[in-house]
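What follows is the content of structure.csv (CSV, N, CA and C atoms).
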chain,number,residue,atom,x,y,z
A,1,GLY,N,11.3,3.1,18.2
A,1,GLY,CA,11.9,4.0,17.3
A,1,GLY,C,12.3,5.3,18.0
A,2,ASP,N,12.8,6.2,17.2
A,2,ASP,CA,13.3,7.5,17.7
A,2,ASP,C,12.2,8.6,17.5
A,3,GLY,N,11.1,8.3,16.9
A,3,GLY,CA,10.1,9.3,16.7
A,3,GLY,C,10.3,10.3,15.6
A,4,SER,N,11.4,10.1,14.8
A,4,SER,CA,11.7,11.0,13.7
A,4,SER,C,10.8,10.7,12.6
A,5,PRO,N,10.6,11.6,11.6
A,5,PRO,CA,9.8,11.3,10.4
A,5,PRO,C,10.2,10.1,9.7
A,6,ARG,N,11.5,9.8,9.6
A,6,ARG,CA,11.9,8.5,8.9
A,6,ARG,C,11.5,7.3,9.7
A,7,ASP,N,11.5,7.4,11.0
A,7,ASP,CA,11.1,6.3,11.9
A,7,ASP,C,9.6,6.1,11.8
A,8,LEU,N,8.8,7.2,11.8
A,8,LEU,CA,7.4,7.1,11.7
A,8,LEU,C,6.9,6.6,10.4
A,9,ALA,N,7.7,6.8,9.3
A,9,ALA,CA,7.3,6.3,8.0
A,9,ALA,C,7.2,4.8,7.9
A,10,THR,N,7.9,4.1,8.8
A,10,THR,CA,8.0,2.7,8.7
A,10,THR,C,7.2,2.0,9.8
A,11,ARG,N,6.3,2.7,10.5
A,11,ARG,CA,5.5,2.1,11.5
A,11,ARG,C,4.0,2.2,11.2
A,12,PRO,N,3.2,1.2,11.5
A,12,PRO,CA,1.8,1.3,11.2
A,12,PRO,C,1.2,2.4,12.0
A,13,ALA,N,0.2,3.0,11.3
A,13,ALA,CA,-0.5,4.2,12.0
A,13,ALA,C,-1.8,3.7,12.6
A,14,GLY,N,-2.2,2.5,12.4
A,14,GLY,CA,-3.5,2.0,13.0
A,14,GLY,C,-4.7,2.2,12.2
A,15,LEU,N,-4.5,2.6,10.9
A,15,LEU,CA,-5.7,2.8,10.0
A,15,LEU,C,-6.3,1.4,9.6
A,16,ARG,N,-7.6,1.5,9.2
A,16,ARG,CA,-8.2,0.2,8.9
A,16,ARG,C,-7.5,-0.6,7.8
A,17,ILE,N,-7.0,0.1,6.8
A,17,ILE,CA,-6.2,-0.5,5.7
A,17,ILE,C,-5.0,0.5,5.5
A,18,GLU,N,-3.8,0.0,5.4
A,18,GLU,CA,-2.6,0.9,5.2
A,18,GLU,C,-1.5,0.1,4.6
A,19,ILE,N,-0.7,0.9,3.9
A,19,ILE,CA,0.5,0.5,3.2
A,19,ILE,C,1.7,1.0,4.1
A,20,VAL,N,2.5,0.1,4.7
A,20,VAL,CA,3.5,0.5,5.6
A,20,VAL,C,4.9,0.2,4.9
A,21,PRO,N,5.7,1.3,4.6
A,21,PRO,CA,7.0,1.0,4.1
A,21,PRO,C,7.8,0.2,5.1
A,22,LEU,N,8.6,-0.7,4.7
A,22,LEU,CA,9.5,-1.5,5.6
A,22,LEU,C,10.9,-1.0,5.7
A,23,THR,N,11.2,0.1,4.9
A,23,THR,CA,12.4,0.8,5.0
A,23,THR,C,12.1,2.2,4.6
A,24,ASP,N,13.0,3.1,5.0
A,24,ASP,CA,12.8,4.5,4.7
A,24,ASP,C,12.7,4.8,3.2
A,25,PRO,N,11.5,5.2,2.8
A,25,PRO,CA,11.2,5.4,1.4
A,25,PRO,C,12.1,6.5,0.8
A,26,GLY,N,12.6,7.4,1.6
A,26,GLY,CA,13.5,8.5,1.1
A,26,GLY,C,14.9,7.9,0.6
A,27,GLY,N,15.2,6.7,1.0
A,27,GLY,CA,16.4,6.1,0.6
A,27,GLY,C,16.3,5.2,-0.6
A,28,VAL,N,15.2,5.1,-1.2
A,28,VAL,CA,14.9,4.3,-2.4
A,28,VAL,C,14.6,5.2,-3.6
A,29,GLY,N,15.2,4.9,-4.7
A,29,GLY,CA,15.0,5.8,-5.9
A,29,GLY,C,14.5,5.0,-7.1
A,30,LYS,N,14.6,5.8,-8.2
A,30,LYS,CA,14.1,5.2,-9.5
A,30,LYS,C,14.8,3.9,-9.9
A,31,GLY,N,13.9,2.9,-10.3
A,31,GLY,CA,14.4,1.6,-10.7
A,31,GLY,C,14.7,0.7,-9.5
A,32,GLU,N,14.5,1.2,-8.3
A,32,GLU,CA,14.7,0.3,-7.1
A,32,GLU,C,13.3,-0.1,-6.6
A,33,GLU,N,13.3,-1.0,-5.7
A,33,GLU,CA,12.1,-1.5,-5.2
A,33,GLU,C,12.0,-1.2,-3.7
A,34,LEU,N,10.8,-0.7,-3.3
A,34,LEU,CA,10.5,-0.3,-1.9
A,34,LEU,C,9.7,-1.5,-1.3
A,35,PRO,N,10.3,-2.1,-0.3
A,35,PRO,CA,9.5,-3.2,0.4
A,35,PRO,C,8.4,-2.6,1.3
A,36,VAL,N,7.2,-3.1,1.2
A,36,VAL,CA,6.1,-2.6,2.0
A,36,VAL,C,5.3,-3.8,2.6
A,37,GLN,N,4.5,-3.5,3.6
A,37,GLN,CA,3.5,-4.5,4.1
A,37,GLN,C,2.2,-3.8,4.1
A,38,VAL,N,1.2,-4.5,3.6
A,38,VAL,CA,-0.2,-4.0,3.6
A,38,VAL,C,-0.9,-4.7,4.8
A,39,LEU,N,-1.5,-3.8,5.6
A,39,LEU,CA,-2.3,-4.3,6.7
A,39,LEU,C,-3.7,-4.0,6.6
A,40,PHE,N,-4.6,-4.9,6.9
A,40,PHE,CA,-6.1,-4.6,7.0
A,40,PHE,C,-6.6,-5.0,8.4
A,41,GLU,N,-7.1,-4.1,9.0
A,41,GLU,CA,-7.6,-4.3,10.4
A,41,GLU,C,-6.5,-4.9,11.3
A,42,GLY,N,-5.2,-4.3,11.0
A,42,GLY,CA,-4.1,-4.7,11.9
A,42,GLY,C,-3.4,-6.0,11.5
A,43,ARG,N,-3.9,-6.7,10.5
A,43,ARG,CA,-3.4,-8.0,10.1
A,43,ARG,C,-2.8,-7.9,8.7
A,44,PRO,N,-1.8,-8.7,8.3
A,44,PRO,CA,-1.3,-8.8,7.0
A,44,PRO,C,-2.4,-9.1,6.0
A,45,LEU,N,-2.4,-8.4,4.8
A,45,LEU,CA,-3.4,-8.7,3.8
A,45,LEU,C,-2.7,-9.3,2.6
A,46,GLU,N,-3.1,-10.5,2.3
A,46,GLU,CA,-2.6,-11.2,1.1
A,46,GLU,C,-3.4,-11.0,-0.1
A,47,GLY,N,-2.7,-10.9,-1.3
A,47,GLY,CA,-3.3,-11.0,-2.6
A,47,GLY,C,-3.8,-9.6,-3.2
A,48,VAL,N,-3.4,-8.5,-2.5
A,48,VAL,CA,-3.7,-7.2,-3.1
A,48,VAL,C,-2.5,-6.7,-3.9
A,49,TYR,N,-2.8,-5.9,-5.0
A,49,TYR,CA,-1.7,-5.4,-5.7
A,49,TYR,C,-1.4,-4.0,-5.2
A,50,VAL,N,-0.1,-3.6,-5.1
A,50,VAL,CA,0.3,-2.3,-4.7
A,50,VAL,C,1.0,-1.7,-5.9
A,51,TYR,N,0.5,-0.5,-6.3
A,51,TYR,CA,1.0,0.2,-7.5
A,51,TYR,C,1.7,1.5,-7.1
A,52,ALA,N,2.8,1.9,-7.8
A,52,ALA,CA,3.4,3.2,-7.6
A,52,ALA,C,2.9,4.2,-8.6
A,53,LEU,N,2.8,5.4,-8.2
A,53,LEU,CA,2.4,6.5,-9.1
A,53,LEU,C,3.3,7.7,-8.9
A,54,ALA,N,4.1,8.1,-9.9
A,54,ALA,CA,5.0,9.2,-9.8
A,54,ALA,C,4.2,10.5,-10.0
A,55,ALA,N,4.6,11.6,-9.3
A,55,ALA,CA,3.9,12.9,-9.5
A,55,ALA,C,3.9,13.2,-10.9
A,56,GLY,N,2.8,13.6,-11.5
A,56,GLY,CA,2.6,14.1,-12.9
A,56,GLY,C,2.4,12.9,-13.8
A,57,ALA,N,2.6,11.7,-13.4
A,57,ALA,CA,2.3,10.5,-14.3
A,57,ALA,C,0.8,10.3,-14.5
A,58,GLU,N,0.5,9.8,-15.6
A,58,GLU,CA,-0.9,9.5,-15.9
A,58,GLU,C,-1.3,8.1,-15.7
A,59,THR,N,-0.3,7.2,-15.5
A,59,THR,CA,-0.7,5.8,-15.3
A,59,THR,C,0.2,5.3,-14.2
A,60,TYR,N,-0.3,4.2,-13.5
A,60,TYR,CA,0.4,3.5,-12.5
A,60,TYR,C,1.6,2.7,-13.1
A,61,ALA,N,2.6,2.6,-12.3
A,61,ALA,CA,3.7,1.6,-12.7
A,61,ALA,C,3.2,0.2,-12.5
A,62,ASP,N,4.0,-0.8,-12.9
A,62,ASP,CA,3.6,-2.2,-12.7
A,62,ASP,C,3.5,-2.4,-11.2
A,63,GLY,N,2.4,-3.1,-10.9
A,63,GLY,CA,2.1,-3.4,-9.5
A,63,GLY,C,2.7,-4.7,-9.0
A,64,ARG,N,2.8,-4.9,-7.7
A,64,ARG,CA,3.2,-6.2,-7.1
A,64,ARG,C,2.2,-6.7,-6.2
A,65,GLN,N,2.0,-8.0,-6.2
A,65,GLN,CA,0.9,-8.6,-5.3
A,65,GLN,C,1.5,-9.0,-4.0
A,66,THR,N,0.8,-8.7,-2.9
A,66,THR,CA,1.3,-9.1,-1.6
A,66,THR,C,1.2,-10.6,-1.3
A,67,ASP,N,2.2,-11.0,-0.6
A,67,ASP,CA,2.2,-12.5,-0.2
A,67,ASP,C,1.4,-12.7,1.1
A,68,LYS,N,1.6,-13.9,1.6
A,68,LYS,CA,0.8,-14.3,2.8
A,68,LYS,C,1.0,-13.4,4.0
A,69,ASP,N,2.2,-12.8,4.0
A,69,ASP,CA,2.6,-11.9,5.1
A,69,ASP,C,2.2,-10.4,4.8
A,70,GLY,N,1.5,-10.2,3.7
A,70,GLY,CA,1.2,-8.8,3.3
A,70,GLY,C,2.3,-8.1,2.7
A,71,HIS,N,3.4,-8.8,2.4
A,71,HIS,CA,4.7,-8.1,1.9
A,71,HIS,C,4.7,-8.0,0.3
A,72,ALA,N,5.2,-7.0,-0.2
A,72,ALA,CA,5.5,-6.8,-1.6
A,72,ALA,C,6.6,-5.9,-1.8
A,73,SER,N,7.4,-6.0,-2.8
A,73,SER,CA,8.5,-5.1,-3.2
A,73,SER,C,8.0,-4.4,-4.4
A,74,VAL,N,7.8,-3.1,-4.3
A,74,VAL,CA,7.2,-2.3,-5.3
A,74,VAL,C,8.2,-1.5,-6.1
A,75,PRO,N,8.4,-1.7,-7.4
A,75,PRO,CA,9.4,-0.9,-8.1
A,75,PRO,C,8.9,0.6,-8.3
A,76,LEU,N,9.9,1.5,-8.1
A,76,LEU,CA,9.6,2.9,-8.2
A,76,LEU,C,10.0,3.4,-9.6
A,77,PRO,N,9.0,4.0,-10.3
A,77,PRO,CA,9.3,4.4,-11.7
A,77,PRO,C,10.1,5.7,-11.8
A,78,ALA,N,10.2,6.4,-10.7
A,78,ALA,CA,10.9,7.7,-10.7
A,78,ALA,C,11.4,8.1,-9.3
A,79,GLY,N,12.2,9.1,-9.2
A,79,GLY,CA,12.5,9.7,-7.9
A,79,GLY,C,11.6,10.9,-7.7
A,80,GLY,N,11.7,11.5,-6.5
A,80,GLY,CA,10.8,12.6,-6.2
A,80,GLY,C,9.5,12.2,-5.6
A,81,LEU,N,8.5,13.1,-5.7
A,81,LEU,CA,7.2,12.8,-5.1
A,81,LEU,C,6.5,11.6,-5.7
A,82,MET,N,6.1,10.7,-4.8
A,82,MET,CA,5.6,9.4,-5.3
A,82,MET,C,4.5,9.0,-4.3
A,83,SER,N,3.6,8.2,-4.8
A,83,SER,CA,2.6,7.6,-4.0
A,83,SER,C,2.4,6.1,-4.3
A,84,LEU,N,2.0,5.3,-3.3
A,84,LEU,CA,1.6,3.9,-3.5
A,84,LEU,C,0.2,3.8,-3.2
A,85,HIS,N,-0.5,2.9,-4.0
A,85,HIS,CA,-1.9,2.7,-3.9
A,85,HIS,C,-2.3,1.2,-3.9
A,86,CYS,N,-3.4,0.9,-3.2
A,86,CYS,CA,-3.9,-0.4,-3.3
A,86,CYS,C,-5.4,-0.4,-2.9
A,87,ILE,N,-6.1,-1.4,-3.4
A,87,ILE,CA,-7.6,-1.5,-3.1
A,87,ILE,C,-7.8,-2.9,-2.6
A,88,HIS,N,-8.6,-3.1,-1.6
A,88,HIS,CA,-9.1,-4.4,-1.1
A,88,HIS,C,-10.6,-4.4,-1.2
A,89,MET,N,-11.1,-5.4,-1.9
A,89,MET,CA,-12.6,-5.6,-2.0
A,89,MET,C,-13.0,-6.9,-1.4
A,90,ARG,N,-14.1,-6.9,-0.8
A,90,ARG,CA,-14.7,-8.1,-0.2
A,90,ARG,C,-16.2,-8.1,-0.3
A,91,PRO,N,-16.9,-9.2,-0.3
A,91,PRO,CA,-18.3,-9.2,-0.4
A,91,PRO,C,-18.9,-8.4,0.8
A,92,HIS,N,-19.9,-7.6,0.6
A,92,HIS,CA,-20.5,-6.8,1.7
A,92,HIS,C,-21.2,-7.8,2.7
A,93,ALA,N,-21.1,-7.4,4.0
A,93,ALA,CA,-21.7,-8.3,5.0
A,93,ALA,C,-23.2,-8.3,4.9
A,94,ASP,N,-23.8,-7.2,4.3
A,94,ASP,CA,-25.3,-7.1,4.1
A,94,ASP,C,-25.6,-7.0,2.6
A,95,PRO,N,-25.9,-8.1,2.0
A,95,PRO,CA,-26.1,-8.1,0.5
A,95,PRO,C,-27.3,-7.2,0.1
A,96,GLU,N,-28.2,-6.9,1.1
A,96,GLU,CA,-29.3,-6.0,0.7
A,96,GLU,C,-28.8,-4.5,0.6
A,97,GLU,N,-27.7,-4.2,1.2
A,97,GLU,CA,-27.1,-2.9,1.2
A,97,GLU,C,-26.2,-2.7,0.0
A,98,ALA,N,-25.3,-3.6,-0.3
A,98,ALA,CA,-24.4,-3.5,-1.4
A,98,ALA,C,-23.8,-4.9,-1.7
A,99,ASP,N,-23.3,-5.1,-2.9
A,99,ASP,CA,-22.6,-6.4,-3.2
A,99,ASP,C,-21.2,-6.4,-2.7
A,100,TRP,N,-20.5,-5.3,-2.7
A,100,TRP,CA,-19.1,-5.3,-2.3
A,100,TRP,C,-18.8,-4.1,-1.4
A,101,GLU,N,-17.7,-4.3,-0.6
A,101,GLU,CA,-17.1,-3.2,0.2
A,101,GLU,C,-15.7,-3.0,-0.4
A,102,SER,N,-15.3,-1.7,-0.5
A,102,SER,CA,-14.0,-1.4,-1.1
A,102,SER,C,-13.3,-0.6,-0.1
A,103,PHE,N,-12.0,-0.9,0.1
A,103,PHE,CA,-11.1,-0.2,1.0
A,103,PHE,C,-9.9,0.2,0.2
A,104,PHE,N,-9.6,1.5,0.3
A,104,PHE,CA,-8.4,2.1,-0.5
A,104,PHE,C,-7.3,2.5,0.5
A,105,ALA,N,-6.1,2.3,0.1
A,105,ALA,CA,-5.0,2.8,0.9
A,105,ALA,C,-4.0,3.5,0.0
A,106,THR,N,-3.5,4.6,0.5
A,106,THR,CA,-2.5,5.4,-0.2
A,106,THR,C,-1.4,5.8,0.8
A,107,VAL,N,-0.2,5.9,0.3
A,107,VAL,CA,0.9,6.4,1.1
A,107,VAL,C,1.8,7.3,0.2
A,108,SER,N,2.1,8.5,0.6
A,108,SER,CA,2.9,9.4,-0.2
A,108,SER,C,4.2,9.7,0.4
A,109,PHE,N,5.2,9.9,-0.4
A,109,PHE,CA,6.6,10.1,0.1
A,109,PHE,C,7.4,10.7,-1.0
A,110,VAL,N,8.6,11.2,-0.6
A,110,VAL,CA,9.6,11.7,-1.6
A,110,VAL,C,10.7,10.6,-1.7
A,111,ALA,N,10.8,10.0,-2.9
A,111,ALA,CA,11.8,9.0,-3.1
A,111,ALA,C,13.1,9.7,-3.5
A,112,ALA,N,14.2,9.0,-3.3
A,112,ALA,CA,15.5,9.5,-3.7
A,112,ALA,C,15.5,9.9,-5.2
A,113,GLU,N,16.3,10.9,-5.5
A,113,GLU,CA,16.4,11.3,-6.9
A,113,GLU,C,17.4,10.5,-7.7
Take the structure in this file and express it as structure tokens.
Amino acid sequence: GDGSPRDLATRPAGLRIEIVPLTDPGGVGKGEELPVQVLFEGRPLEGVYVYALAAGAETYADGRQTDKDGHASVPLPAGGLMSLHCIHMRPHADPEEADWESFFATVSFVAAE
């Protein structure tokens, strides 16, 4: 890539869990879908729901579940400041410590108006 903010927005950052837009989110607006990939420990994560939340909204928009490649196309409920969210839960490796481990991912961007 060219290292620009738009280029960086579509590249994994190497976080334990992350939502990676597959196209420039600034070019997607209200009523359109933003294609994303969810990665967990660098690998595609199947079966998690990704939800959009518009700035000022009190509830998430309809979510989309990731496929075997970690891909989902998430509908944007508005233009402007937006965030996508997902949570991955799995049984904890040490049942004496906890029943579950939870991993949260968020990505924020400004969608087209």
For Val110 (chain A), find every residue with an atom within 9 Å (counting only C-alpha atoms), except residues of its own chain fewer than 2 positions away, and show them as an NGL selection string.
:A and (25-26 or 79-83 or 108 or 112-113)
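Closest approach to Ser102 (chain A) among A:Val36, A:Ala9, A:Ala61, A:Val48: A:Val48, based on only C-alpha atoms.
Interatomic distance, atom C of Arg43 (chain A) to atom C of Gly70 (chain A): 7.9 Å.
Candidate residues A:Asp69, A:Ala55, A:Ala93, A:Ala111 were compared for distance to Phe40 (chain A), and the nearest is A:Asp69, using only C-alpha atoms.
Across the structure, CA of Val20 (chain A) and atom C of Thr66 (chain A) are spaced 13.3 Å apart.
For the pair atom C of Asp24 (chain A) and atom N of Gln37 (chain A), the separation is 11.7 Å.
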Could you list, as a PyMOL selection string, every residue within 6.5 Å of Val50 (chain A), counting all atoms listed in the file and ignoring same-chain residues fewer than 2 positions away?
chain A and resi 48+52+62-66+74+84-86
Is it possible to get the residues within 8 Å of (6.9, -2.5, 4.6) (coordinates as in the file, counting only C-alpha atoms) written as a PyMOL selection string?
chain A and resi 10+19-23+34-38+71-72
Per-residue DSSP, region 3-45 of chain A, filtered to strand (DSSP E or B), as JSON, numbers by chain
{"A": [17, 18, 19, 20, 21, 29, 33, 34, 35, 36, 37, 38, 39, 40, 43, 44]}
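Counting all atoms listed in the file and comparing A:Glu33, A:Glu101, A:Pro95, A:Thr106, the residue that lies closest to Ile17 (chain A) is A:Thr106.
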Write out as an MDAnalysis selection string each polymer residue whose atoms come within 6.5 Å of Phe103 (chain A), counting only N, CA and C atoms; drop sequence neighbours fewer than 2 positions from it.
chainID A and resid 86:90 101 105
Secondary structure check, helix (DSSP H, G or I) residues of chain A, as a compact mmCIF listing (two decimals) with N, CA and C atoms, keeping the file's coordinate frame:
# COMPACT_ATOMS: atom_id res chain seq x y z
N PRO A 5 10.60 11.60 11.60
CA PRO A 5 9.80 11.30 10.40
C PRO A 5 10.20 10.10 9.70
N ARG A 6 11.50 9.80 9.60
CA ARG A 6 11.90 8.50 8.90
C ARG A 6 11.50 7.30 9.70
N ASP A 7 11.50 7.40 11.00
CA ASP A 7 11.10 6.30 11.90
C ASP A 7 9.60 6.10 11.80
N LEU A 8 8.80 7.20 11.80
CA LEU A 8 7.40 7.10 11.70
C LEU A 8 6.90 6.60 10.40
N PRO A 25 11.50 5.20 2.80
CA PRO A 25 11.20 5.40 1.40
C PRO A 25 12.10 6.50 0.80
N GLY A 26 12.60 7.40 1.60
CA GLY A 26 13.50 8.50 1.10
C GLY A 26 14.90 7.90 0.60
N GLY A 27 15.20 6.70 1.00
CA GLY A 27 16.40 6.10 0.60
C GLY A 27 16.30 5.20 -0.60
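Using all atoms listed in the file, the contacts of Glu32 (chain A) at a cut-off of 8 Å, with sequence neighbours closer than 5 positions omitted, comprise Ser73, Val74, Pro75, Leu76, Pro77 and Ala78 of chain A.
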So that I can look at just that part, could you write region 77-102 of chain A with N, CA and C atoms, as a PDB file, in the first residue's frame?
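To be explicit, this is the file written out as part.pdb:
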ATOM      1  N   PRO A  77     -26.154   2.235   9.036  1.00  0.00           N
ATOM      2  CA  PRO A  77     -27.442   2.885   9.257  1.00  0.00           C
ATOM      3  C   PRO A  77     -27.420   4.386   9.010  1.00  0.00           C
ATOM      4  N   ALA A  78     -26.224   4.970   8.860  1.00  0.00           N
ATOM      5  CA  ALA A  78     -26.111   6.421   8.693  1.00  0.00           C
ATOM      6  C   ALA A  78     -24.756   6.743   8.077  1.00  0.00           C
ATOM      7  N   GLY A  79     -24.605   7.989   7.668  1.00  0.00           N
ATOM      8  CA  GLY A  79     -23.294   8.484   7.285  1.00  0.00           C
ATOM      9  C   GLY A  79     -22.667   9.163   8.492  1.00  0.00           C
ATOM     10  N   GLY A  80     -21.453   9.638   8.336  1.00  0.00           N
ATOM     11  CA  GLY A  80     -20.784  10.320   9.433  1.00  0.00           C
ATOM     12  C   GLY A  80     -20.061   9.360  10.358  1.00  0.00           C
ATOM     13  N   LEU A  81     -19.834   9.797  11.597  1.00  0.00           N
ATOM     14  CA  LEU A  81     -19.067   9.007  12.549  1.00  0.00           C
ATOM     15  C   LEU A  81     -19.778   7.697  12.865  1.00  0.00           C
ATOM     16  N   MET A  82     -19.045   6.612  12.735  1.00  0.00           N
ATOM     17  CA  MET A  82     -19.628   5.277  12.847  1.00  0.00           C
ATOM     18  C   MET A  82     -18.610   4.362  13.511  1.00  0.00           C
ATOM     19  N   SER A  83     -19.088   3.328  14.176  1.00  0.00           N
ATOM     20  CA  SER A  83     -18.189   2.297  14.679  1.00  0.00           C
ATOM     21  C   SER A  83     -18.805   0.930  14.439  1.00  0.00           C
ATOM     22  N   LEU A  84     -17.934  -0.044  14.278  1.00  0.00           N
ATOM     23  CA  LEU A  84     -18.347  -1.443  14.158  1.00  0.00           C
ATOM     24  C   LEU A  84     -17.840  -2.166  15.392  1.00  0.00           C
ATOM     25  N   HIS A  85     -18.620  -3.150  15.847  1.00  0.00           N
ATOM     26  CA  HIS A  85     -18.300  -3.866  17.074  1.00  0.00           C
ATOM     27  C   HIS A  85     -18.546  -5.362  16.885  1.00  0.00           C
ATOM     28  N   CYS A  86     -17.723  -6.166  17.569  1.00  0.00           N
ATOM     29  CA  CYS A  86     -17.998  -7.604  17.650  1.00  0.00           C
ATOM     30  C   CYS A  86     -17.406  -8.141  18.946  1.00  0.00           C
ATOM     31  N   ILE A  87     -17.896  -9.291  19.355  1.00  0.00           N
ATOM     32  CA  ILE A  87     -17.383  -9.979  20.537  1.00  0.00           C
ATOM     33  C   ILE A  87     -17.209 -11.454  20.199  1.00  0.00           C
ATOM     34  N   HIS A  88     -16.098 -11.995  20.649  1.00  0.00           N
ATOM     35  CA  HIS A  88     -15.809 -13.424  20.480  1.00  0.00           C
ATOM     36  C   HIS A  88     -15.658 -14.012  21.878  1.00  0.00           C
ATOM     37  N   MET A  89     -16.408 -15.066  22.143  1.00  0.00           N
ATOM     38  CA  MET A  89     -16.321 -15.739  23.440  1.00  0.00           C
ATOM     39  C   MET A  89     -15.933 -17.188  23.214  1.00  0.00           C
ATOM     40  N   ARG A  90     -15.118 -17.690  24.135  1.00  0.00           N
ATOM     41  CA  ARG A  90     -14.747 -19.100  24.079  1.00  0.00           C
ATOM     42  C   ARG A  90     -14.557 -19.597  25.507  1.00  0.00           C
ATOM     43  N   PRO A  91     -14.695 -20.898  25.705  1.00  0.00           N
ATOM     44  CA  PRO A  91     -14.463 -21.433  27.052  1.00  0.00           C
ATOM     45  C   PRO A  91     -13.046 -21.081  27.522  1.00  0.00           C
ATOM     46  N   HIS A  92     -12.927 -20.717  28.776  1.00  0.00           N
ATOM     47  CA  HIS A  92     -11.624 -20.356  29.336  1.00  0.00           C
ATOM     48  C   HIS A  92     -10.736 -21.595  29.432  1.00  0.00           C
ATOM     49  N   ALA A  93      -9.454 -21.411  29.160  1.00  0.00           N
ATOM     50  CA  ALA A  93      -8.502 -22.524  29.215  1.00  0.00           C
ATOM     51  C   ALA A  93      -8.382 -23.104  30.620  1.00  0.00           C
ATOM     52  N   ASP A  94      -8.602 -22.253  31.645  1.00  0.00           N
ATOM     53  CA  ASP A  94      -8.519 -22.704  33.037  1.00  0.00           C
ATOM     54  C   ASP A  94      -9.882 -22.533  33.698  1.00  0.00           C
ATOM     55  N   PRO A  95     -10.686 -23.615  33.762  1.00  0.00           N
ATOM     56  CA  PRO A  95     -12.044 -23.498  34.315  1.00  0.00           C
ATOM     57  C   PRO A  95     -12.072 -23.092  35.791  1.00  0.00           C
ATOM     58  N   GLU A  96     -10.935 -23.220  36.479  1.00  0.00           N
ATOM     59  CA  GLU A  96     -10.874 -22.760  37.869  1.00  0.00           C
ATOM     60  C   GLU A  96     -10.846 -21.227  37.941  1.00  0.00           C
ATOM     61  N   GLU A  97     -10.350 -20.598  36.884  1.00  0.00           N
ATOM     62  CA  GLU A  97     -10.224 -19.143  36.858  1.00  0.00           C
ATOM     63  C   GLU A  97     -11.508 -18.465  36.384  1.00  0.00           C
ATOM     64  N   ALA A  98     -12.098 -19.012  35.323  1.00  0.00           N
ATOM     65  CA  ALA A  98     -13.318 -18.419  34.753  1.00  0.00           C
ATOM     66  C   ALA A  98     -13.951 -19.432  33.808  1.00  0.00           C
ATOM     67  N   ASP A  99     -15.244 -19.240  33.536  1.00  0.00           N
ATOM     68  CA  ASP A  99     -15.939 -20.118  32.592  1.00  0.00           C
ATOM     69  C   ASP A  99     -15.645 -19.733  31.144  1.00  0.00           C
ATOM     70  N   TRP A 100     -15.572 -18.414  30.887  1.00  0.00           N
ATOM     71  CA  TRP A 100     -15.442 -17.911  29.521  1.00  0.00           C
ATOM     72  C   TRP A 100     -14.357 -16.851  29.429  1.00  0.00           C
ATOM     73  N   GLU A 101     -13.806 -16.714  28.216  1.00  0.00           N
ATOM     74  CA  GLU A 101     -12.951 -15.591  27.848  1.00  0.00           C
ATOM     75  C   GLU A 101     -13.719 -14.781  26.816  1.00  0.00           C
ATOM     76  N   SER A 102     -13.669 -13.456  26.941  1.00  0.00           N
ATOM     77  CA  SER A 102     -14.357 -12.567  26.003  1.00  0.00           C
ATOM     78  C   SER A 102     -13.341 -11.649  25.346  1.00  0.00           C
TER      79      SER A 102
END
